[in-house]
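So the structure is just underneath, and the comments pick up after that.
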Amino acid sequence: MKYKKSGYNLFVPYIDEKYIVFNTYSNAIGIFDSDAMRKYEENSFDNSEMKILIDKGIYVPSFTNELAEINKDRIRGIFLNRKTFRIWTTSGCNATCYYCFEKGILAQKMTRDIADATFEFIKSVIGESRNISVEWFGGEPLLNVEIIDYLSEKIQQYCQKRNIKFKAFMISNGSLFTEDIIEKCVKNWKVKKVQITLDGYKQDYEHIKNYNQPEKYNFDLVIKNIKKLSENGIRVSIRMNYDTTNYESLKELIQYLHTMFEYDKNISYYIYPIWSATKNTFVSKSKADIKFLELFEILVANKMATIKDLSKLKYRRYQCSACGIDNYSVLPDGKLLKCSEAFESVIGDVYEGVKNEILASNWTDIGMDDDCMECVFLPLCQGGCRSSKVTKMPRCYVYKDIISEILKWNIKHLEKKKYNK
């Protein structure tokens with residue numbers, strides 16, 4: 001059988017005339033010395049060497065169409081039988097983060113009438129599906145507990161009668177949880193996981209959150225609530241937003257969280273660069289940089305996250321859930337979106353369903369931009385963020401600018417592991 005070089009081999013200069021080779025499709029990573037680089041350029045590896053490189057996906061059978069296989073996975077993801085509904089109970093919030101993409105929009109609460117129409121819309125989408133996911137969102141979703149109570153009960157009763165598996169998640173700032181609400185999460189709402197954002201340690205966190213009642217809602221309260229959620233079996237994903245100015249604060253935060261929750265398996269952590277994006281403007285507040293990577297190292301050293309999860313060097317089979325054919329965001333007034341951050345891309349409402357088929361199809365189109373089709377990073381992002389076309393959010397693989405350092409970081413740990421055996 002004849003073989004050819006994979007189209008997704010990425011080479012990064014390392015040390016002593018060596019190169020890191022990383023295949024973005026197979027996710028194999030290793031080191032080529034100058035001799036290996038010469039053989040690669042000349043296609044002169046011997047049989048035993050070729051066997052290893054074929055196994056790692058550096059070389060593939062000559063008949064292989066890697067792009068077609070990647071496209072097939074992405075298309076399968078678009079039409080996968082997943083029914084996901086992000087429900088905004090409100091667009092209001094008790095915090096005023098400077099980077100919030102909802103800044104300036106009208107604060108509205110979902111009413112029971114709209115909740116009833118939302119329920120009917122959800123039923124129409126479910127069809128013969130055997131599972132659905134609901135994500136309670138806002139604003140701060142817990143500012144409208146009544147609607148979560150009301151709609152959650154209706155959806156769950158419908159699912160139970162039809163043997164449909166129901167999953168519920170929540171994105172919250174974490175300040176409004178009480179014993180009663182946590183009990184509702186467990187017993188009534190069946191919430192399995194909550195994402196809570198911490199942008200820095202104590203003073204910086206409270207400055208960024210800028211709660212409307214700082215004497216009542218603060219860092220210490222949120223930490224207590226995270227602990228209570230975990231104690232009640234609810235997984236908590238702590239997102240730490242990085243904006244280049246809060247490096248020292250995040251270092252302090254990570255060490256504090258390590259002390260507070262060292263052995264808590266219900267709590268996970270990740271760091272992400274943030275952007276401030278509104279309807280008409282996009283202001284980059286952060287890029288992944290070397291200090292960002294140093295925060296990764298602290299998380300790994302404290303065994304709070306793995307290198308694999310933090311690096312995002314994993315083949316991505318699907319795009320964002322917004323690209324799924326049966327995935328929707330429901331605004332408090334009943335308008336339908338595909339992506340929560342794309343406010344201007346209203347595709348319909350819960351009363352009449354999808355009315356703008358052309359706009360909706362922009363999210364579920366199986367096609368992709370030409371530059372993406374030719375990009376070595378395609379397997380890591382599957383075309384990136386589609387909302388970038390209407391929100392000016394960044395489109396490309398988020399760590400593209402520091403991929404060299406990300407790969408070097410991975411190799412350093414692999415070598416350390418090898419020599420410590």
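Ligands are numbered from 1 in the order shown, residues from 1 within each chain, and chains are lettered A, B, ... in the order they appear in the structure tokens.
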Give me, as a PDB file with all heavy atoms, in the first residue's frame, all polymer residues having an atom no more than 8 Å from A:Thr96, counting only C-alpha atoms and skipping those fewer than 6 positions away in the same chain.
ATOM      1  N   ILE A 208     -14.869  43.330  39.450  1.00  0.00           N
ATOM      2  CA  ILE A 208     -15.323  42.975  38.103  1.00  0.00           C
ATOM      3  C   ILE A 208     -16.805  42.645  38.096  1.00  0.00           C
ATOM      4  O   ILE A 208     -17.549  43.082  37.209  1.00  0.00           O
ATOM      5  CB  ILE A 208     -14.505  41.780  37.556  1.00  0.00           C
ATOM      6  CG1 ILE A 208     -13.065  42.218  37.290  1.00  0.00           C
ATOM      7  CG2 ILE A 208     -15.134  41.223  36.277  1.00  0.00           C
ATOM      8  CD1 ILE A 208     -12.127  41.087  36.951  1.00  0.00           C
ATOM      9  N   LYS A 209     -17.273  41.893  39.090  1.00  0.00           N
ATOM     10  CA  LYS A 209     -18.689  41.526  39.140  1.00  0.00           C
ATOM     11  C   LYS A 209     -19.558  42.755  39.376  1.00  0.00           C
ATOM     12  O   LYS A 209     -20.658  42.865  38.823  1.00  0.00           O
ATOM     13  CB  LYS A 209     -18.935  40.490  40.251  1.00  0.00           C
ATOM     14  CG  LYS A 209     -18.675  39.062  39.818  1.00  0.00           C
ATOM     15  CD  LYS A 209     -19.753  38.581  38.871  1.00  0.00           C
ATOM     16  CE  LYS A 209     -19.466  37.216  38.294  1.00  0.00           C
ATOM     17  NZ  LYS A 209     -18.585  37.244  37.135  1.00  0.00           N
ATOM     18  N   ASN A 210     -19.101  43.664  40.235  1.00  0.00           N
ATOM     19  CA  ASN A 210     -19.828  44.904  40.492  1.00  0.00           C
ATOM     20  C   ASN A 210     -21.303  44.639  40.803  1.00  0.00           C
ATOM     21  O   ASN A 210     -22.211  45.156  40.136  1.00  0.00           O
ATOM     22  CB  ASN A 210     -19.689  45.841  39.286  1.00  0.00           C
ATOM     23  CG  ASN A 210     -20.102  47.267  39.611  1.00  0.00           C
ATOM     24  OD1 ASN A 210     -20.118  47.676  40.773  1.00  0.00           O
ATOM     25  ND2 ASN A 210     -20.458  48.029  38.584  1.00  0.00           N
ATOM     26  N   TYR A 211     -21.533  43.771  41.798  1.00  0.00           N
ATOM     27  CA  TYR A 211     -22.903  43.417  42.186  1.00  0.00           C
ATOM     28  C   TYR A 211     -23.704  44.646  42.596  1.00  0.00           C
ATOM     29  O   TYR A 211     -23.156  45.615  43.142  1.00  0.00           O
ATOM     30  CB  TYR A 211     -22.872  42.428  43.345  1.00  0.00           C
ATOM     31  CG  TYR A 211     -22.501  41.015  42.961  1.00  0.00           C
ATOM     32  CD1 TYR A 211     -21.287  40.458  43.355  1.00  0.00           C
ATOM     33  CD2 TYR A 211     -23.365  40.227  42.205  1.00  0.00           C
ATOM     34  CE1 TYR A 211     -20.947  39.151  43.013  1.00  0.00           C
ATOM     35  CE2 TYR A 211     -23.036  38.929  41.852  1.00  0.00           C
ATOM     36  CZ  TYR A 211     -21.829  38.399  42.264  1.00  0.00           C
ATOM     37  OH  TYR A 211     -21.494  37.117  41.912  1.00  0.00           O
ATOM     38  N   ASN A 212     -25.015  44.580  42.359  1.00  0.00           N
ATOM     39  CA  ASN A 212     -25.859  45.721  42.716  1.00  0.00           C
ATOM     40  C   ASN A 212     -26.069  45.843  44.227  1.00  0.00           C
ATOM     41  O   ASN A 212     -26.474  46.894  44.712  1.00  0.00           O
ATOM     42  CB  ASN A 212     -27.208  45.661  41.990  1.00  0.00           C
ATOM     43  CG  ASN A 212     -27.956  44.347  42.246  1.00  0.00           C
ATOM     44  OD1 ASN A 212     -27.695  43.640  43.221  1.00  0.00           O
ATOM     45  ND2 ASN A 212     -28.888  44.027  41.370  1.00  0.00           N
TER      46      ASN A 212
END
DSSP strand (DSSP E or B) residues within stretch 227-321 of chain A, as a list in words |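 Strand (DSSP E or B) assignments inside stretch 227-321 of chain A correspond to Arg235, Val236, Ser237, Ile238, Arg239, Met240, Asn241, Tyr242, Ile267, Ser268, Tyr269, Tyr270, Ile271, Tyr272, Pro273, Ser276, Ala277, Phe282 and Val283 of chain A.
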Out of stretch 169-389 of chain A, which residues get alpha helix (DSSP H) from DSSP, as a ChimeraX atom specification?
-> /A:179-183,202-209,219-231,247-261,290-301,307-311,357-364,370-373,378-381,388-389
Please build the interface table for stretch 75-148 of chain A against stretch 159-180 of chain A with a cut-off of 7 Å, listing for each qualifying residue the nearest atom pair and the distance in Å to one decimal; count only C-alpha atoms, order rows by chain and increasing number, and write it as JSON lines.
{"residue": "A:Arg130", "atom": "CA", "partner": "A:Ile164", "partner_atom": "CA", "distance": 4.6}
{"residue": "A:Asn131", "atom": "CA", "partner": "A:Lys165", "partner_atom": "CA", "distance": 4.3}
{"residue": "A:Ile132", "atom": "CA", "partner": "A:Phe166", "partner_atom": "CA", "distance": 5.3}
{"residue": "A:Ser133", "atom": "CA", "partner": "A:Lys167", "partner_atom": "CA", "distance": 4.7}
{"residue": "A:Val134", "atom": "CA", "partner": "A:Ala168", "partner_atom": "CA", "distance": 4.8}
{"residue": "A:Glu135", "atom": "CA", "partner": "A:Phe169", "partner_atom": "CA", "distance": 4.7}
{"residue": "A:Trp136", "atom": "CA", "partner": "A:Met170", "partner_atom": "CA", "distance": 4.6}
{"residue": "A:Phe137", "atom": "CA", "partner": "A:Ile171", "partner_atom": "CA", "distance": 5.6}
{"residue": "A:Glu140", "atom": "CA", "partner": "A:Ser172", "partner_atom": "CA", "distance": 5.8}
{"residue": "A:Pro141", "atom": "CA", "partner": "A:Ser172", "partner_atom": "CA", "distance": 6.6}
{"residue": "A:Leu142", "atom": "CA", "partner": "A:Leu176", "partner_atom": "CA", "distance": 6.4}
Selected residues, all heavy atoms, written as a compact mmCIF listing (two decimals), in the first residue's frame, please.
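Output below, filename result07.txt:
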# COMPACT_ATOMS: atom_id res chain seq x y z
N ARG A 130 -35.35 10.53 22.11
CA ARG A 130 -35.35 9.84 23.39
C ARG A 130 -34.59 10.61 24.47
O ARG A 130 -34.47 10.15 25.59
CB ARG A 130 -34.71 8.44 23.27
CG ARG A 130 -35.29 7.49 22.26
CD ARG A 130 -36.79 7.46 22.12
NE ARG A 130 -37.56 7.48 23.34
CZ ARG A 130 -38.80 7.92 23.45
NH1 ARG A 130 -39.42 8.41 22.41
NH2 ARG A 130 -39.43 7.89 24.60
N ASN A 131 -34.06 11.79 24.14
CA ASN A 131 -33.37 12.57 25.18
C ASN A 131 -33.35 14.04 24.80
O ASN A 131 -33.30 14.39 23.61
CB ASN A 131 -31.94 12.06 25.39
CG ASN A 131 -31.10 12.15 24.15
OD1 ASN A 131 -30.57 13.22 23.82
ND2 ASN A 131 -30.97 11.04 23.42
N ILE A 132 -33.39 14.90 25.83
CA ILE A 132 -33.28 16.34 25.61
C ILE A 132 -32.41 16.94 26.73
O ILE A 132 -32.26 16.34 27.80
CB ILE A 132 -34.64 17.07 25.58
CG1 ILE A 132 -35.26 17.13 26.98
CG2 ILE A 132 -35.60 16.42 24.61
CD1 ILE A 132 -36.38 18.16 27.09
N SER A 133 -31.87 18.12 26.43
CA SER A 133 -31.10 18.85 27.44
C SER A 133 -31.65 20.27 27.55
O SER A 133 -31.97 20.90 26.53
CB SER A 133 -29.62 18.93 27.05
OG SER A 133 -29.03 17.65 27.03
N VAL A 134 -31.76 20.73 28.78
CA VAL A 134 -32.19 22.10 29.04
C VAL A 134 -31.10 22.81 29.81
O VAL A 134 -30.54 22.27 30.76
CB VAL A 134 -33.51 22.14 29.85
CG1 VAL A 134 -33.80 23.55 30.34
CG2 VAL A 134 -34.66 21.62 29.00
N GLU A 135 -30.77 24.02 29.38
CA GLU A 135 -29.77 24.83 30.08
C GLU A 135 -30.43 26.12 30.53
O GLU A 135 -30.91 26.91 29.71
CB GLU A 135 -28.60 25.13 29.14
CG GLU A 135 -27.45 25.86 29.82
CD GLU A 135 -26.30 26.09 28.88
OE1 GLU A 135 -25.49 25.16 28.69
OE2 GLU A 135 -26.22 27.20 28.30
N TRP A 136 -30.48 26.32 31.83
CA TRP A 136 -31.06 27.53 32.39
C TRP A 136 -30.03 28.65 32.31
O TRP A 136 -28.92 28.51 32.79
CB TRP A 136 -31.52 27.29 33.82
CG TRP A 136 -32.53 26.18 33.93
CD1 TRP A 136 -32.34 24.96 34.47
CD2 TRP A 136 -33.87 26.20 33.44
NE1 TRP A 136 -33.48 24.19 34.36
CE2 TRP A 136 -34.45 24.93 33.73
CE3 TRP A 136 -34.66 27.15 32.78
CZ2 TRP A 136 -35.75 24.61 33.40
CZ3 TRP A 136 -35.97 26.84 32.45
CH2 TRP A 136 -36.50 25.57 32.75
N PHE A 137 -30.44 29.76 31.71
CA PHE A 137 -29.50 30.80 31.32
C PHE A 137 -30.10 32.17 31.60
O PHE A 137 -31.27 32.32 31.89
CB PHE A 137 -29.18 30.63 29.82
CG PHE A 137 -28.00 31.41 29.31
CD1 PHE A 137 -26.72 31.00 29.60
CD2 PHE A 137 -28.19 32.54 28.53
CE1 PHE A 137 -25.62 31.71 29.11
CE2 PHE A 137 -27.10 33.25 28.04
CZ PHE A 137 -25.82 32.84 28.33
N GLU A 140 -28.98 36.40 34.95
CA GLU A 140 -28.83 35.44 36.04
C GLU A 140 -30.14 34.66 36.16
O GLU A 140 -31.16 35.21 36.58
CB GLU A 140 -28.53 36.18 37.35
CG GLU A 140 -28.57 35.31 38.60
CD GLU A 140 -27.76 34.02 38.46
OE1 GLU A 140 -26.57 34.10 38.10
OE2 GLU A 140 -28.34 32.93 38.70
N PRO A 141 -30.12 33.38 35.77
CA PRO A 141 -31.37 32.60 35.72
C PRO A 141 -32.11 32.52 37.04
O PRO A 141 -33.35 32.41 37.06
CB PRO A 141 -30.90 31.21 35.26
CG PRO A 141 -29.44 31.17 35.55
CD PRO A 141 -28.95 32.57 35.38
N LEU A 142 -31.38 32.59 38.17
CA LEU A 142 -32.03 32.45 39.47
C LEU A 142 -32.79 33.70 39.90
O LEU A 142 -33.39 33.73 40.97
CB LEU A 142 -31.01 32.06 40.53
CG LEU A 142 -30.42 30.65 40.36
CD1 LEU A 142 -29.35 30.36 41.39
CD2 LEU A 142 -31.52 29.59 40.40
Considering only C-alpha atoms, return as a list in words whatever protein or nucleic-acid residues lie within 10 Å of A:Ser62, sequence-local ones (same chain, fewer than 2 positions apart) excluded.
->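 Selected residues are Met1, Lys2, Tyr3, Lys4, Lys5, Ser6, Tyr59, Val60, Thr64 and Asn65 of chain A.
Shortest atom-to-atom contact with A:Leu293 among A:Trp363, A:Tyr270, A:Phe121, A:Trp409: A:Trp409, counting only C-alpha atoms.
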Among the residues A:Ile58, A:Cys381, A:Leu80, A:Ala117, the one that comes closest to A:Ser129 [using only C-alpha atoms] | A:Leu80
Find the residues near A:Val145: any atom within 10 Å, counting only C-alpha atoms, skip ones fewer than 3 places away on the same chain, and give them as a ChimeraX atom specification.
-> /A:89-90,141-142,148-150,181,184
With C-alpha atoms kept, could you save the residues just selected as a PDB file, in the first residue's frame?
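Ended up saving to result-v8.pdb:
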ATOM      1  CA  THR A  89     -35.458  32.930  32.349  1.00  0.00           C
ATOM      2  CA  THR A  90     -34.423  36.577  32.346  1.00  0.00           C
ATOM      3  CA  PRO A 141     -31.371  32.600  35.718  1.00  0.00           C
ATOM      4  CA  LEU A 142     -32.032  32.452  39.469  1.00  0.00           C
ATOM      5  CA  ILE A 148     -37.642  27.441  36.380  1.00  0.00           C
ATOM      6  CA  ASP A 149     -40.059  25.753  38.793  1.00  0.00           C
ATOM      7  CA  TYR A 150     -42.965  26.038  36.395  1.00  0.00           C
ATOM      8  CA  ILE A 181     -32.756  26.590  45.799  1.00  0.00           C
ATOM      9  CA  LYS A 184     -34.833  22.458  44.147  1.00  0.00           C
TER      10      LYS A 184
END
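With distances taken over only C-alpha atoms, A:Met110 is the one residue among A:Ile54, A:Leu313, A:Ala36, A:Met110 lying closest to A:Val330.
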Near A:Lys314, within 12 Å and counting only C-alpha atoms, which residues show up once chain neighbours fewer than 2 positions away are dropped, as an MDAnalysis selection string?
-> chainID A and resid 22:29 307:312 316:318 377:382 397
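Once A:Met37 and its same-chain neighbours fewer than 6 positions away are set aside, Phe11, Val12, Pro13, Glu17, Lys18, Tyr19, Ile20, Val21, Ile31, Asn43, Ser44 and Phe45 of chain A remain within 12 Å of it when counting only C-alpha atoms.
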Which residues, written as a list in words, have at least one atom at most 7 Å from A:Ile325, with only C-alpha atoms counted and residues fewer than 4 positions away on the same chain left out?
->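 Non-adjacent residues within range: Ile78, Phe79 and Thr364 of chain A.
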A:Gly92, A:Gly353, A:Gly7, A:Pro214 ranked by distance to A:Leu143, top pick (using only C-alpha atoms) =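 For A:Leu143, the nearest of the given residues is A:Gly92.
Closest approach to A:Ile403 among A:Val376, A:Met304, A:Leu253, A:Ile52 is made by A:Val376 (distances from only C-alpha atoms).
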Option closest in space to A:Gly200, from A:Leu257, A:Ser387, A:Glu183, A:Lys216 [counting only C-alpha atoms] | A:Leu257
